[in-house]
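The structure appears below as structure tokens.
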Amino acid sequence: MTDAARETAVYTHGHHESVLRSHRWRTAANSAAYLVAELRPGMAVLDVGCGPGTITADLAELVGPGGQVTAVDHAEDVLEQARAVAAERGLTNVEFAPADVHALEFPDESFDVVHAHQVLQHVGDPVRALREMRRVCRPGGIVAVRDSDYGAFTWFPQLPVLDEWQELYGRVARANGGEPDAGRRLLSWARRAGFTDITATAGTWCFATTEERAWWSGLWADRTEASVYAKLAVDGGHTTPGRLAALAEGWREWGRQDDAWFMVPHGELLCRA
């Protein structure tokens, strides 16, 4: 395996508690609905970038009995959390392993479905990643990818401090080798990876209730000040701790507004192998 086939990007978010607070909220229903109708008992599924495993566990239930999910992630520590989720739910048809999506250590045509949620925005070569996902997918199978698009995030009230946060996040993520506006690029990347039978859709998350606003604003305020992202932003010369504190307070201010609303758009693809 050459070094060129390995990951080169730095994962901008890291695995701070504020990040995992967001990741553990994700389910097949709120984050993979575009794929669910394609799943059948008995399928073999590869879940790439599984994180703490909440979507993985749902996929395992959807393809059981007789189906198997293999879940991989670049970070060993988060795999332990995913194993705990599977054990808590009593799942016996899921296994976990470390992996690099640019160089998956599985034979050709191993899986009926290869799934990746919020992965391609963080990798150094998304086209190579999609080619690898295609390689391990069986003929007639599905490669399913979903990524948000930070440049298309929209919210109300339109606080200038959140405009500053959006611009800073994009700058930091790109400096780390990722592409935060991945959602709009998925179709182009998939075509370059060799897919021709592609169904492209879009989906959203929306945060508008009192509870949702408090949760969303709180996790981003904490992430802005205390996560790996905050360290990368400062160490990379993009901002200062004082400015990050101001951006975090801007998130809290937004969350206190009774009429606050936030939408996160996603690009989604079902690619037939």
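For the structure tokens, the naming scheme is as follows: chains receive sequential letters (A, B, ...) according to their order of presentation, residues are indexed from 1 within each chain, and ligands are indexed from 1 in presentation order.
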As a list in words, please: the residues near Phe96 in chain A (cut-off 9 Å, only C-alpha atoms, same-chain neighbours under 2 positions excluded).
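The contact residues come out as Cys50, Val69, Thr70, Ala71, Val72, Asp73, Leu79, Glu80, Ala82, Arg83, Val94 and Pro98 of chain A.
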Emit the selected residues as a compact mmCIF listing (two decimals), in the first residue's frame, including C-alpha atoms.
```txt
# COMPACT_ATOMS: atom_id res chain seq x y z
CA CYS A 50 -19.44 4.81 11.77
CA VAL A 69 -23.08 -4.99 9.19
CA THR A 70 -19.36 -4.31 9.22
CA ALA A 71 -18.67 -0.86 10.69
CA VAL A 72 -15.34 0.89 10.29
CA ASP A 73 -13.83 4.15 11.46
CA LEU A 79 -15.08 2.33 17.82
CA GLU A 80 -15.20 1.34 21.49
CA ALA A 82 -19.86 2.00 18.85
CA ARG A 83 -19.26 -1.49 20.24
CA VAL A 94 -22.46 -6.20 13.64
CA PRO A 98 -10.40 0.37 12.13
```
Test item: residues at most 12 Å from Glu167 in chain A, only C-alpha atoms, excluding those fewer than 4 positions along its chain, as JSON, numbers by chain
{"A": [150, 151, 152, 153, 160, 161, 162, 163, 171, 172, 173, 174, 180, 181, 233, 238, 239, 247]}
For a quick check of understanding, using only C-alpha atoms, which of A:Ala260, A:Leu59, A:Val19, A:Ile142 has the smallest distance to Tyr229 in chain A?
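Ranking A:Ala260, A:Leu59, A:Val19, A:Ile142 by distance to Tyr229 in chain A, first place goes to A:Val19.
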So that each row is one residue of range 110-203 of chain A with an atom at most 10 Å from range 28-46 of chain A, can you give its shortest atom pair and the distance in Å to one decimal, using only C-alpha atoms, rows by chain and rising number, as a Markdown table?
```
| residue | atom | partner | partner_atom | distance |
| --- | --- | --- | --- | --- |
| A:Ser110 | CA | A:Ala44 | CA | 7.8 |
| A:Phe111 | CA | A:Ala44 | CA | 5.1 |
| A:Asp112 | CA | A:Ala44 | CA | 5.3 |
| A:Val113 | CA | A:Val45 | CA | 4.8 |
| A:Val114 | CA | A:Leu46 | CA | 4.7 |
| A:His115 | CA | A:Leu46 | CA | 6.1 |
| A:Ala116 | CA | A:Leu46 | CA | 8.5 |
| A:His117 | CA | A:Ser31 | CA | 7.6 |
| A:Gln118 | CA | A:Ser31 | CA | 9.5 |
| A:Met133 | CA | A:Leu46 | CA | 8.9 |
| A:Val136 | CA | A:Leu46 | CA | 8.9 |
| A:Cys137 | CA | A:Leu46 | CA | 8.8 |
| A:Arg138 | CA | A:Ala44 | CA | 9.8 |
| A:Gly141 | CA | A:Glu38 | CA | 9.8 |
| A:Ile142 | CA | A:Glu38 | CA | 8.5 |
| A:Val143 | CA | A:Leu46 | CA | 9.4 |
| A:Ala144 | CA | A:Leu35 | CA | 6.9 |
| A:Val145 | CA | A:Ala32 | CA | 8.9 |
| A:Arg146 | CA | A:Ala32 | CA | 7.7 |
| A:Asp147 | CA | A:Ser31 | CA | 9.7 |
| A:Thr199 | CA | A:Tyr34 | CA | 9.9 |
| A:Ala200 | CA | A:Tyr34 | CA | 9.7 |
| A:Thr201 | CA | A:Tyr34 | CA | 7.9 |
| A:Ala202 | CA | A:Tyr34 | CA | 8.8 |
| A:Gly203 | CA | A:Tyr34 | CA | 8.2 |
```
Return the single residue from A:Asn176, A:Ser188, A:Thr240, A:Gln166 that is closest to Val127 in chain A, with distances computed using only C-alpha atoms.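 Looking at the shortest contact to Val127 in chain A, the residue is A:Ser188.
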Checklist entry - So how far away is CA of Ala86 in chain A from CA of Ala57 in chain A, in Å? => result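 Rounded to one decimal, the two atoms are 5.9 Å apart.
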Between CA of Leu219 in chain A and CA of Ala246 in chain A lies a distance of 15.0 Å
- Tell me, which residues of range 189-267 of chain A carry DSSP strand (DSSP E), written as a VMD selection string? chain A and resid 197 to 207 261 to 267
Among range 16-60 of chain A, which ones does DSSP assign to alpha helix (DSSP H) (computed from the backbone)? Answer as a list of chain:residue names.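 In range 16-60 of chain A, DSSP puts these residues in alpha helix (DSSP H): A:Glu17, A:Ser18, A:Val19, A:Leu20, A:Arg21, A:Ser22, A:His23, A:Ala28, A:Ala29, A:Asn30, A:Ser31, A:Ala33, A:Tyr34, A:Leu35, A:Val36, A:Thr54, A:Ile55, A:Thr56, A:Ala57, A:Asp58, A:Leu59, A:Ala60.
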What does the file look like for those residues with N, CA, C and O atoms, as a short mmCIF file (atom, residue, chain, number, x, y, z; two decimals), in the first residue's frame?
```cif
data_model
loop_
_atom_site.label_atom_id
_atom_site.label_comp_id
_atom_site.auth_asym_id
_atom_site.auth_seq_id
_atom_site.Cartn_x
_atom_site.Cartn_y
_atom_site.Cartn_z
N GLU A 17 -16.55 15.66 23.57
CA GLU A 17 -17.91 15.32 24.00
C GLU A 17 -18.97 16.10 23.23
O GLU A 17 -20.04 15.55 22.90
N SER A 18 -18.71 17.35 22.89
CA SER A 18 -19.69 18.16 22.16
C SER A 18 -19.92 17.64 20.76
O SER A 18 -21.02 17.77 20.20
N VAL A 19 -18.89 17.03 20.17
CA VAL A 19 -19.02 16.42 18.84
C VAL A 19 -19.83 15.13 18.94
O VAL A 19 -20.78 14.90 18.19
N LEU A 20 -19.47 14.29 19.89
CA LEU A 20 -20.18 13.01 20.04
C LEU A 20 -21.62 13.22 20.50
O LEU A 20 -22.49 12.40 20.19
N ARG A 21 -21.88 14.31 21.19
CA ARG A 21 -23.27 14.65 21.55
C ARG A 21 -24.13 14.78 20.31
O ARG A 21 -25.28 14.36 20.28
N SER A 22 -23.55 15.36 19.28
CA SER A 22 -24.24 15.48 18.00
C SER A 22 -24.32 14.13 17.29
O SER A 22 -25.39 13.73 16.80
N HIS A 23 -23.22 13.42 17.23
CA HIS A 23 -23.17 12.16 16.49
C HIS A 23 -24.10 11.11 17.08
O HIS A 23 -24.71 10.33 16.34
N ALA A 28 -30.91 6.11 11.68
CA ALA A 28 -31.22 5.85 10.28
C ALA A 28 -32.40 6.72 9.83
O ALA A 28 -32.44 7.18 8.69
N ALA A 29 -33.35 6.96 10.73
CA ALA A 29 -34.53 7.74 10.36
C ALA A 29 -34.18 9.19 10.07
O ALA A 29 -34.67 9.78 9.09
N ASN A 30 -33.33 9.83 10.88
CA ASN A 30 -33.05 11.25 10.66
C ASN A 30 -31.81 11.52 9.81
O ASN A 30 -31.56 12.67 9.44
N SER A 31 -31.05 10.46 9.49
CA SER A 31 -29.80 10.68 8.76
C SER A 31 -29.57 9.74 7.59
O SER A 31 -28.60 9.92 6.86
N ALA A 33 -32.60 8.24 5.80
CA ALA A 33 -33.94 7.88 5.31
C ALA A 33 -33.93 7.59 3.81
O ALA A 33 -34.71 6.75 3.33
N TYR A 34 -33.06 8.25 3.06
CA TYR A 34 -32.98 8.04 1.61
C TYR A 34 -32.53 6.63 1.25
O TYR A 34 -32.75 6.15 0.14
N LEU A 35 -31.90 5.94 2.21
CA LEU A 35 -31.38 4.59 1.99
C LEU A 35 -32.29 3.50 2.53
O LEU A 35 -32.30 2.37 2.01
N VAL A 36 -33.06 3.80 3.55
CA VAL A 36 -33.78 2.77 4.31
C VAL A 36 -34.63 1.87 3.42
O VAL A 36 -34.66 0.64 3.60
N THR A 54 -24.60 4.82 16.30
CA THR A 54 -26.06 4.82 16.43
C THR A 54 -26.74 4.53 15.09
O THR A 54 -27.73 3.77 15.06
N ILE A 55 -26.24 5.08 14.00
CA ILE A 55 -26.78 4.72 12.69
C ILE A 55 -26.45 3.26 12.38
O ILE A 55 -27.29 2.51 11.88
N THR A 56 -25.24 2.84 12.69
CA THR A 56 -24.82 1.46 12.48
C THR A 56 -25.80 0.48 13.11
O THR A 56 -26.21 -0.51 12.48
N ALA A 57 -26.16 0.74 14.36
CA ALA A 57 -27.07 -0.16 15.07
C ALA A 57 -28.42 -0.24 14.37
O ALA A 57 -29.00 -1.33 14.25
N ASP A 58 -28.92 0.89 13.89
CA ASP A 58 -30.19 0.88 13.15
C ASP A 58 -30.07 0.07 11.87
O ASP A 58 -30.98 -0.70 11.52
N LEU A 59 -28.96 0.22 11.16
CA LEU A 59 -28.76 -0.55 9.93
C LEU A 59 -28.73 -2.04 10.23
O LEU A 59 -29.28 -2.85 9.48
N ALA A 60 -28.08 -2.42 11.33
CA ALA A 60 -28.00 -3.83 11.70
C ALA A 60 -29.39 -4.40 11.98
O ALA A 60 -29.69 -5.54 11.61
#
```
- Message: Would you pick out the contacts of His16 in chain A at 9 Å or less, using only C-alpha atoms, so that residues sharing its chain but fewer than 6 positions from it are not included, and give the list as a PyMOL selection string?
- Response: chain A and resi 223+226-228
For N, CA, C and O atoms, I'd like the residues from the last selection saved as a PDB file, in the first residue's frame.
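again.pdb, freshly written:
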```
ATOM      1  N   ARG A 223     -18.282  23.210  21.111  1.00  0.00           N
ATOM      2  CA  ARG A 223     -17.340  22.766  20.094  1.00  0.00           C
ATOM      3  C   ARG A 223     -16.429  23.923  19.670  1.00  0.00           C
ATOM      4  O   ARG A 223     -15.227  23.730  19.431  1.00  0.00           O
ATOM      5  N   ALA A 226     -13.936  24.377  22.829  1.00  0.00           N
ATOM      6  CA  ALA A 226     -13.228  23.323  23.564  1.00  0.00           C
ATOM      7  C   ALA A 226     -12.831  22.100  22.754  1.00  0.00           C
ATOM      8  O   ALA A 226     -12.150  21.228  23.284  1.00  0.00           O
ATOM      9  N   SER A 227     -13.222  21.983  21.494  1.00  0.00           N
ATOM     10  CA  SER A 227     -12.957  20.767  20.731  1.00  0.00           C
ATOM     11  C   SER A 227     -11.625  20.837  19.993  1.00  0.00           C
ATOM     12  O   SER A 227     -10.919  21.850  20.028  1.00  0.00           O
ATOM     13  N   VAL A 228     -11.315  19.760  19.281  1.00  0.00           N
ATOM     14  CA  VAL A 228     -10.138  19.755  18.413  1.00  0.00           C
ATOM     15  C   VAL A 228     -10.232  20.874  17.379  1.00  0.00           C
ATOM     16  O   VAL A 228      -9.234  21.507  17.031  1.00  0.00           O
TER      17      VAL A 228
END
```
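From CA of Trp205 in chain A back to CA of Val264 in chain A, the distance works out to 5.1 Å.
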